[in-house]
$ cat protein_35.pdb   # PDB, C-alpha atoms and all ligand atoms
ATOM      1  CA  MET F   1       0.000   0.000   0.000
ATOM      2  CA  ASP F   2       1.371   3.439  -0.899
ATOM      3  CA  THR F   3       1.535   5.339   2.392
ATOM      4  CA  ARG F   4       1.949   8.723   0.648
ATOM      5  CA  ILE F   5      -1.489   8.507  -0.897
ATOM      6  CA  THR F   6      -3.002   7.516   2.454
ATOM      7  CA  ARG F   7      -1.414  10.543   4.175
ATOM      8  CA  LYS F   8      -2.675  12.880   1.482
ATOM      9  CA  HIS F   9      -6.088  11.365   1.888
ATOM     10  CA  THR F  10      -5.977  11.852   5.653
ATOM     11  CA  LYS F  11      -5.081  15.519   5.172
ATOM     12  CA  THR F  12      -8.009  16.053   2.817
ATOM     13  CA  VAL F  13     -10.385  14.454   5.281
ATOM     14  CA  ARG F  14      -9.026  16.685   8.072
ATOM     15  CA  SER F  15      -9.486  19.811   5.931
ATOM     16  CA  LEU F  16     -13.057  18.825   5.104
ATOM     17  CA  LEU F  17     -13.819  18.232   8.763
ATOM     18  CA  LEU F  18     -12.403  21.655   9.662
ATOM     19  CA  ILE F  19     -14.549  23.340   7.010
ATOM     20  CA  ALA F  20     -17.597  21.472   8.254
ATOM     21  CA  VAL F  21     -16.960  22.651  11.822
ATOM     22  CA  ILE F  22     -16.572  26.269  10.683
ATOM     23  CA  VAL F  23     -19.806  26.121   8.667
ATOM     24  CA  MET F  24     -21.654  24.626  11.625
ATOM     25  CA  ALA F  25     -20.327  27.377  13.904
ATOM     26  CA  LEU F  26     -21.562  30.015  11.477
ATOM     27  CA  PHE F  27     -25.009  28.456  11.326
ATOM     28  CA  ALA F  28     -25.131  28.216  15.087
ATOM     29  CA  SER F  29     -24.456  31.948  15.475
ATOM     30  CA  CYS F  30     -27.089  32.784  12.843
ATOM     31  CA  TYR F  31     -29.557  30.669  14.743
ATOM     32  CA  TYR F  32     -28.892  32.654  17.934
ATOM     33  CA  ASP F  33     -29.444  35.950  16.078
ATOM     34  CA  ASN F  34     -32.781  34.735  14.788
ATOM     35  CA  GLU F  35     -33.857  33.565  18.191
ATOM     36  CA  GLU F  36     -33.189  36.983  19.681
ATOM     37  CA  ALA F  37     -35.097  38.681  16.880
ATOM     38  CA  LEU F  38     -38.036  36.337  17.325
ATOM     39  CA  TYR F  39     -38.122  36.540  21.099
ATOM     40  CA  PRO F  40     -37.010  39.953  22.359
ATOM     41  CA  SER F  41     -35.987  39.670  25.985
ATOM     42  CA  TYR F  42     -38.937  41.726  27.272
ATOM     43  CA  SER F  43     -41.470  39.231  25.981
ATOM     44  CA  GLN F  44     -40.045  36.703  28.420
ATOM     45  CA  THR F  45     -39.472  38.971  31.395
ATOM     46  CA  CYS F  46     -41.747  42.014  31.042
ATOM     47  CA  ASP F  47     -44.282  42.018  33.850
ATOM     48  CA  THR F  48     -47.435  43.530  32.385
ATOM     49  CA  SER F  49     -49.883  42.058  34.868
ATOM     50  CA  SER F  50     -48.883  43.653  38.167
ATOM     51  CA  VAL F  51     -47.921  47.196  37.204
ATOM     52  CA  THR F  52     -48.175  49.602  40.140
ATOM     53  CA  TYR F  53     -47.064  53.149  40.870
ATOM     54  CA  SER F  54     -44.629  52.360  43.707
ATOM     55  CA  GLY F  55     -43.490  49.048  42.295
ATOM     56  CA  THR F  56     -43.071  49.888  38.628
ATOM     57  CA  ILE F  57     -43.462  53.542  37.666
ATOM     58  CA  VAL F  58     -41.296  54.975  40.445
ATOM     59  CA  SER F  59     -38.365  52.768  39.501
ATOM     60  CA  ILE F  60     -38.649  53.628  35.793
ATOM     61  CA  ILE F  61     -38.689  57.345  36.574
ATOM     62  CA  SER F  62     -36.055  57.307  39.287
ATOM     63  CA  GLY F  63     -33.741  55.208  37.144
ATOM     64  CA  ASN F  64     -34.064  57.326  34.015
ATOM     65  CA  CYS F  65     -35.484  60.748  34.745
ATOM     66  CA  LEU F  66     -34.804  62.040  38.257
ATOM     67  CA  SER F  67     -31.209  62.988  37.505
ATOM     68  CA  CYS F  68     -32.844  65.990  35.814
ATOM     69  CA  HIS F  69     -36.462  65.973  37.003
ATOM     70  CA  SER F  70     -36.164  65.434  40.763
ATOM     71  CA  ASN F  71     -37.486  68.203  42.990
ATOM     72  CA  ALA F  72     -33.897  69.219  43.700
ATOM     73  CA  ASN F  73     -32.555  69.061  40.129
ATOM     74  CA  ALA F  74     -35.514  70.241  38.060
ATOM     75  CA  ALA F  75     -34.666  73.927  38.173
ATOM     76  CA  LEU F  76     -31.104  73.364  37.037
ATOM     77  CA  TYR F  77     -31.421  70.438  34.599
ATOM     78  CA  GLY F  78     -35.067  69.636  33.962
ATOM     79  CA  ASN F  79     -36.629  72.872  32.742
ATOM     80  CA  ASN F  80     -38.508  73.061  36.087
ATOM     81  CA  ILE F  81     -40.431  69.904  35.236
ATOM     82  CA  ARG F  82     -40.731  67.769  38.399
ATOM     83  CA  LEU F  83     -41.460  64.060  38.201
ATOM     84  CA  GLU F  84     -40.607  62.964  41.727
ATOM     85  CA  ASP F  85     -44.065  63.144  43.296
ATOM     86  CA  TYR F  86     -47.136  61.155  42.312
ATOM     87  CA  ALA F  87     -49.246  64.267  41.646
ATOM     88  CA  ASP F  88     -46.595  65.703  39.320
ATOM     89  CA  VAL F  89     -46.343  62.480  37.328
ATOM     90  CA  VAL F  90     -50.134  62.310  36.967
ATOM     91  CA  ALA F  91     -50.315  65.924  35.846
ATOM     92  CA  ARG F  92     -47.669  65.314  33.167
ATOM     93  CA  ALA F  93     -48.745  61.817  32.085
ATOM     94  CA  THR F  94     -49.660  62.749  28.503
ATOM     95  CA  ALA F  95     -46.410  64.634  27.941
ATOM     96  CA  ILE F  96     -44.415  61.806  29.541
ATOM     97  CA  GLU F  97     -46.003  59.294  27.169
ATOM     98  CA  GLY F  98     -45.196  61.441  24.137
ATOM     99  CA  SER F  99     -41.671  62.031  25.383
ATOM    100  CA  ILE F 100     -40.743  58.432  26.140
ATOM    101  CA  LYS F 101     -42.347  57.123  22.924
ATOM    102  CA  HIS F 102     -40.732  59.866  20.866
ATOM    103  CA  THR F 103     -44.074  60.763  19.335
ATOM    104  CA  GLY F 104     -45.910  63.996  18.637
ATOM    105  CA  SER F 105     -44.172  67.281  19.186
ATOM    106  CA  TYR F 106     -42.874  66.315  22.626
ATOM    107  CA  SER F 107     -39.223  66.593  23.401
ATOM    108  CA  PRO F 108     -37.762  63.057  23.261
ATOM    109  CA  MET F 109     -36.783  61.718  26.710
ATOM    110  CA  PRO F 110     -34.558  60.802  28.427
ATOM    111  CA  LYS F 111     -32.842  63.878  27.036
ATOM    112  CA  ASN F 112     -29.600  62.962  25.263
ATOM    113  CA  GLY F 113     -30.068  59.346  26.375
ATOM    114  CA  ALA F 114     -31.150  56.054  24.860
ATOM    115  CA  LYS F 115     -34.864  55.428  24.456
ATOM    116  CA  LEU F 116     -36.402  53.495  27.345
ATOM    117  CA  LYS F 117     -36.804  49.733  27.033
ATOM    118  CA  ASP F 118     -40.000  48.640  25.255
ATOM    119  CA  CYS F 119     -41.050  46.975  28.498
ATOM    120  CA  SER F 120     -40.863  50.227  30.492
ATOM    121  CA  ILE F 121     -42.859  52.129  27.857
ATOM    122  CA  LYS F 122     -45.468  49.368  27.791
ATOM    123  CA  GLN F 123     -45.708  49.387  31.595
ATOM    124  CA  PHE F 124     -46.202  53.160  31.678
ATOM    125  CA  ASP F 125     -48.976  52.776  29.089
ATOM    126  CA  ILE F 126     -50.665  50.084  31.150
ATOM    127  CA  TRP F 127     -50.506  52.215  34.288
ATOM    128  CA  VAL F 128     -52.105  55.171  32.455
ATOM    129  CA  ARG F 129     -54.779  52.916  30.976
ATOM    130  CA  ASN F 130     -55.503  51.567  34.467
ATOM    131  CA  GLY F 131     -56.323  55.118  35.578
ATOM    132  CA  MET F 132     -52.928  55.972  37.127
ATOM    133  CA  PRO F 133     -53.576  54.395  40.542
ATOM    134  CA  ASN F 134     -51.357  55.492  43.439
ATOM    135  CA  ASN F 135     -50.786  51.896  44.512
ATOM    136  CA  LYS F 136     -48.041  49.681  45.856
TER     137      LYS F 136
HETATM  138  C1  LIG Q 201     -30.376  64.981  31.112
HETATM  139  C2  LIG Q 201     -31.528  65.582  31.721
HETATM  140  C3  LIG Q 201     -32.872  64.972  31.483
HETATM  141  C4  LIG Q 201     -33.256  63.654  31.646
HETATM  142  C5  LIG Q 201     -32.406  62.470  32.081
HETATM  143  C6  LIG Q 201     -34.665  63.607  31.360
HETATM  144  N1  LIG Q 201     -35.117  64.850  31.002
HETATM  145 FE1  LIG Q 201     -37.003  65.344  30.533
HETATM  146  N2  LIG Q 201     -36.447  67.226  30.103
HETATM  147  C7  LIG Q 201     -35.169  67.727  30.269
HETATM  148  C8  LIG Q 201     -35.136  69.092  29.761
HETATM  149  C9  LIG Q 201     -33.924  70.010  29.783
HETATM  150  C10 LIG Q 201     -36.424  69.378  29.291
HETATM  151  C11 LIG Q 201     -36.923  70.665  28.607
HETATM  152  C12 LIG Q 201     -37.159  70.419  27.137
HETATM  153  C13 LIG Q 201     -35.913  70.118  26.393
HETATM  154  O1  LIG Q 201     -34.868  70.760  26.643
HETATM  155  O2  LIG Q 201     -35.946  69.230  25.533
HETATM  156  C14 LIG Q 201     -37.225  68.184  29.532
HETATM  157  C15 LIG Q 201     -38.563  68.073  29.216
HETATM  158  C16 LIG Q 201     -39.348  67.013  29.566
HETATM  159  C17 LIG Q 201     -40.773  66.938  29.356
HETATM  160  C18 LIG Q 201     -41.633  67.976  28.673
HETATM  161  C19 LIG Q 201     -41.576  67.651  27.188
HETATM  162  C20 LIG Q 201     -42.430  68.520  26.321
HETATM  163  O3  LIG Q 201     -42.129  68.591  25.106
HETATM  164  O4  LIG Q 201     -43.402  69.074  26.833
HETATM  165  C21 LIG Q 201     -41.189  65.747  29.842
HETATM  166  C22 LIG Q 201     -42.620  65.215  29.872
HETATM  167  C23 LIG Q 201     -40.023  65.057  30.317
HETATM  168  N3  LIG Q 201     -38.936  65.851  30.149
HETATM  169  C24 LIG Q 201     -40.061  63.788  30.835
HETATM  170  C25 LIG Q 201     -38.911  63.046  31.087
HETATM  171  C26 LIG Q 201     -38.946  61.650  31.410
HETATM  172  C27 LIG Q 201     -40.200  60.812  31.576
HETATM  173  C28 LIG Q 201     -37.643  61.270  31.567
HETATM  174  C29 LIG Q 201     -37.134  59.891  31.870
HETATM  175  C30 LIG Q 201     -37.611  58.822  31.047
HETATM  176  C31 LIG Q 201     -36.806  62.437  31.338
HETATM  177  N4  LIG Q 201     -37.622  63.498  31.033
HETATM  178  C32 LIG Q 201     -35.429  62.455  31.428
HETATM  179  C33 LIG Q 201     -34.099  67.068  30.812
HETATM  180  C34 LIG Q 201     -34.059  65.705  31.065
END

$ encode --input "protein_35.pdb" --output "structure tokens"
Amino acid sequence: MDTRITRKHTKTVRSLLLIAVIVMALFASCYYDNEEALYPSYSQTCDTSSVTYSGTIVSIISGNCLSCHSNANAALYGNNIRLEDYADVVARATAIEGSIKHTGSYSPMPKNGAKLKDCSIKQFDIWVRNGMPNNK
């Protein structure tokens, strides 16, 4: 048996296996991309059934808005718009919705920041639709 031919053959088989592994890796990463597009993370984790003022809305606003719209900072950074107290949030609800959805003629918020997560916008909507309860 000619060992040179066998070695050559072995090399070809190795190369083919390597190519196969690379192709499989590429397909695997494509599959992950598609999965993320099909199932955005909020659809798995967004709580839309127990939205409350203290439990949901306060954390959205304090995490994204109070750096400019707290009672203390509003004059300096937030155009005197206060969003720290329940009554202020209720009074501004329509403008807040326009601002966080980037719709209408409202100034897009958070100012100079990334748009809020879809989940947060959805939760704010739900709270408004529920009649803006001051609940826990
Ligand atoms: C970096 C500071 C900053 C942050 C953070 C910020 N805002 Fe503002 N906001 C402003 C300023 C300044 C204005 C005045 C209008 C303008 O300059 O665009 C404003 C205006 C507004 C208005 C009035 C918009 C209008 O057109 O009537 C609303 C409502 C509002 N902000 C809500 C929010 C909400 C809700 C958040 C968080 C999701 C937020 N803002 C985050 C600075 C900020």

$ resolve_selection --input "protein_35.pdb" --expression "the PyMOL selection byres (((chain F and resi 60) around 12) and not hetatm)" --output "count of residues only"
30

$ residues_around --input "protein_35.pdb" --residues "Gly98 of chain F" --least-positions-apart "3" --cutoff "12 Å" --atoms "only C-alpha atoms" --output "ChimeraX atom specification"
/F:92-95,101-110,115,121,124-125

$ axis_aligned_box --input "protein_35.pdb" --around "ligand LIG 201 (chain Q)" --padding-each-side "6 Å" --output "lines of an AutoDock Vina configuration file"
center_x = -36.9
center_y = 64.8
center_z = 28.6
size_x = 25.0
size_y = 23.9
size_z = 19.0

$ atom_distance --input "protein_35.pdb" --atom1 "atom CA of Lys8 of chain F" --atom2 "atom CA of Val21 of chain F"
20.2 Å

$ closest_residue --input "protein_35.pdb" --among "F:Ala72, F:Ala114, F:Leu16, F:Cys46" --to "ligand LIG 201 (chain Q)" --atoms "only C-alpha atoms and all ligand atoms"
F:Ala114

$ atom_distance --input "protein_35.pdb" --atom1 "atom CA of Arg129 of chain F" --atom2 "atom C21 of ligand LIG 201 (chain Q)"
18.7 Å

$ atom_distance --input "protein_35.pdb" --atom1 "atom CA of Ile126 of chain F" --atom2 "atom CA of Tyr77 of chain F"
28.2 Å

$ closest_residue --input "protein_35.pdb" --among "F:Arg14, F:Arg82, F:His9, F:Lys111" --to "ligand LIG 201 (chain Q)" --atoms "all atoms listed in the file"
F:Lys111

$ decode --input "protein_35.pdb" --residues "segment 41-79 of chain F" --atoms "C-alpha atoms" --output "mmCIF file, in the first residue's frame"
data_model
loop_
_atom_site.group_PDB
_atom_site.id
_atom_site.type_symbol
_atom_site.label_atom_id
_atom_site.label_comp_id
_atom_site.auth_asym_id
_atom_site.auth_seq_id
_atom_site.Cartn_x
_atom_site.Cartn_y
_atom_site.Cartn_z
ATOM 1 C CA SER F 41 -35.987 39.670 25.985
ATOM 2 C CA TYR F 42 -38.937 41.726 27.272
ATOM 3 C CA SER F 43 -41.470 39.231 25.981
ATOM 4 C CA GLN F 44 -40.045 36.703 28.420
ATOM 5 C CA THR F 45 -39.472 38.971 31.395
ATOM 6 C CA CYS F 46 -41.747 42.014 31.042
ATOM 7 C CA ASP F 47 -44.282 42.018 33.850
ATOM 8 C CA THR F 48 -47.435 43.530 32.385
ATOM 9 C CA SER F 49 -49.883 42.058 34.868
ATOM 10 C CA SER F 50 -48.883 43.653 38.167
ATOM 11 C CA VAL F 51 -47.921 47.196 37.204
ATOM 12 C CA THR F 52 -48.175 49.602 40.140
ATOM 13 C CA TYR F 53 -47.064 53.149 40.870
ATOM 14 C CA SER F 54 -44.629 52.360 43.707
ATOM 15 C CA GLY F 55 -43.490 49.048 42.295
ATOM 16 C CA THR F 56 -43.071 49.888 38.628
ATOM 17 C CA ILE F 57 -43.462 53.542 37.666
ATOM 18 C CA VAL F 58 -41.296 54.975 40.445
ATOM 19 C CA SER F 59 -38.365 52.768 39.501
ATOM 20 C CA ILE F 60 -38.649 53.628 35.793
ATOM 21 C CA ILE F 61 -38.689 57.345 36.574
ATOM 22 C CA SER F 62 -36.055 57.307 39.287
ATOM 23 C CA GLY F 63 -33.741 55.208 37.144
ATOM 24 C CA ASN F 64 -34.064 57.326 34.015
ATOM 25 C CA CYS F 65 -35.484 60.748 34.745
ATOM 26 C CA LEU F 66 -34.804 62.040 38.257
ATOM 27 C CA SER F 67 -31.209 62.988 37.505
ATOM 28 C CA CYS F 68 -32.844 65.990 35.814
ATOM 29 C CA HIS F 69 -36.462 65.973 37.003
ATOM 30 C CA SER F 70 -36.164 65.434 40.763
ATOM 31 C CA ASN F 71 -37.486 68.203 42.990
ATOM 32 C CA ALA F 72 -33.897 69.219 43.700
ATOM 33 C CA ASN F 73 -32.555 69.061 40.129
ATOM 34 C CA ALA F 74 -35.514 70.241 38.060
ATOM 35 C CA ALA F 75 -34.666 73.927 38.173
ATOM 36 C CA LEU F 76 -31.104 73.364 37.037
ATOM 37 C CA TYR F 77 -31.421 70.438 34.599
ATOM 38 C CA GLY F 78 -35.067 69.636 33.962
ATOM 39 C CA ASN F 79 -36.629 72.872 32.742
#
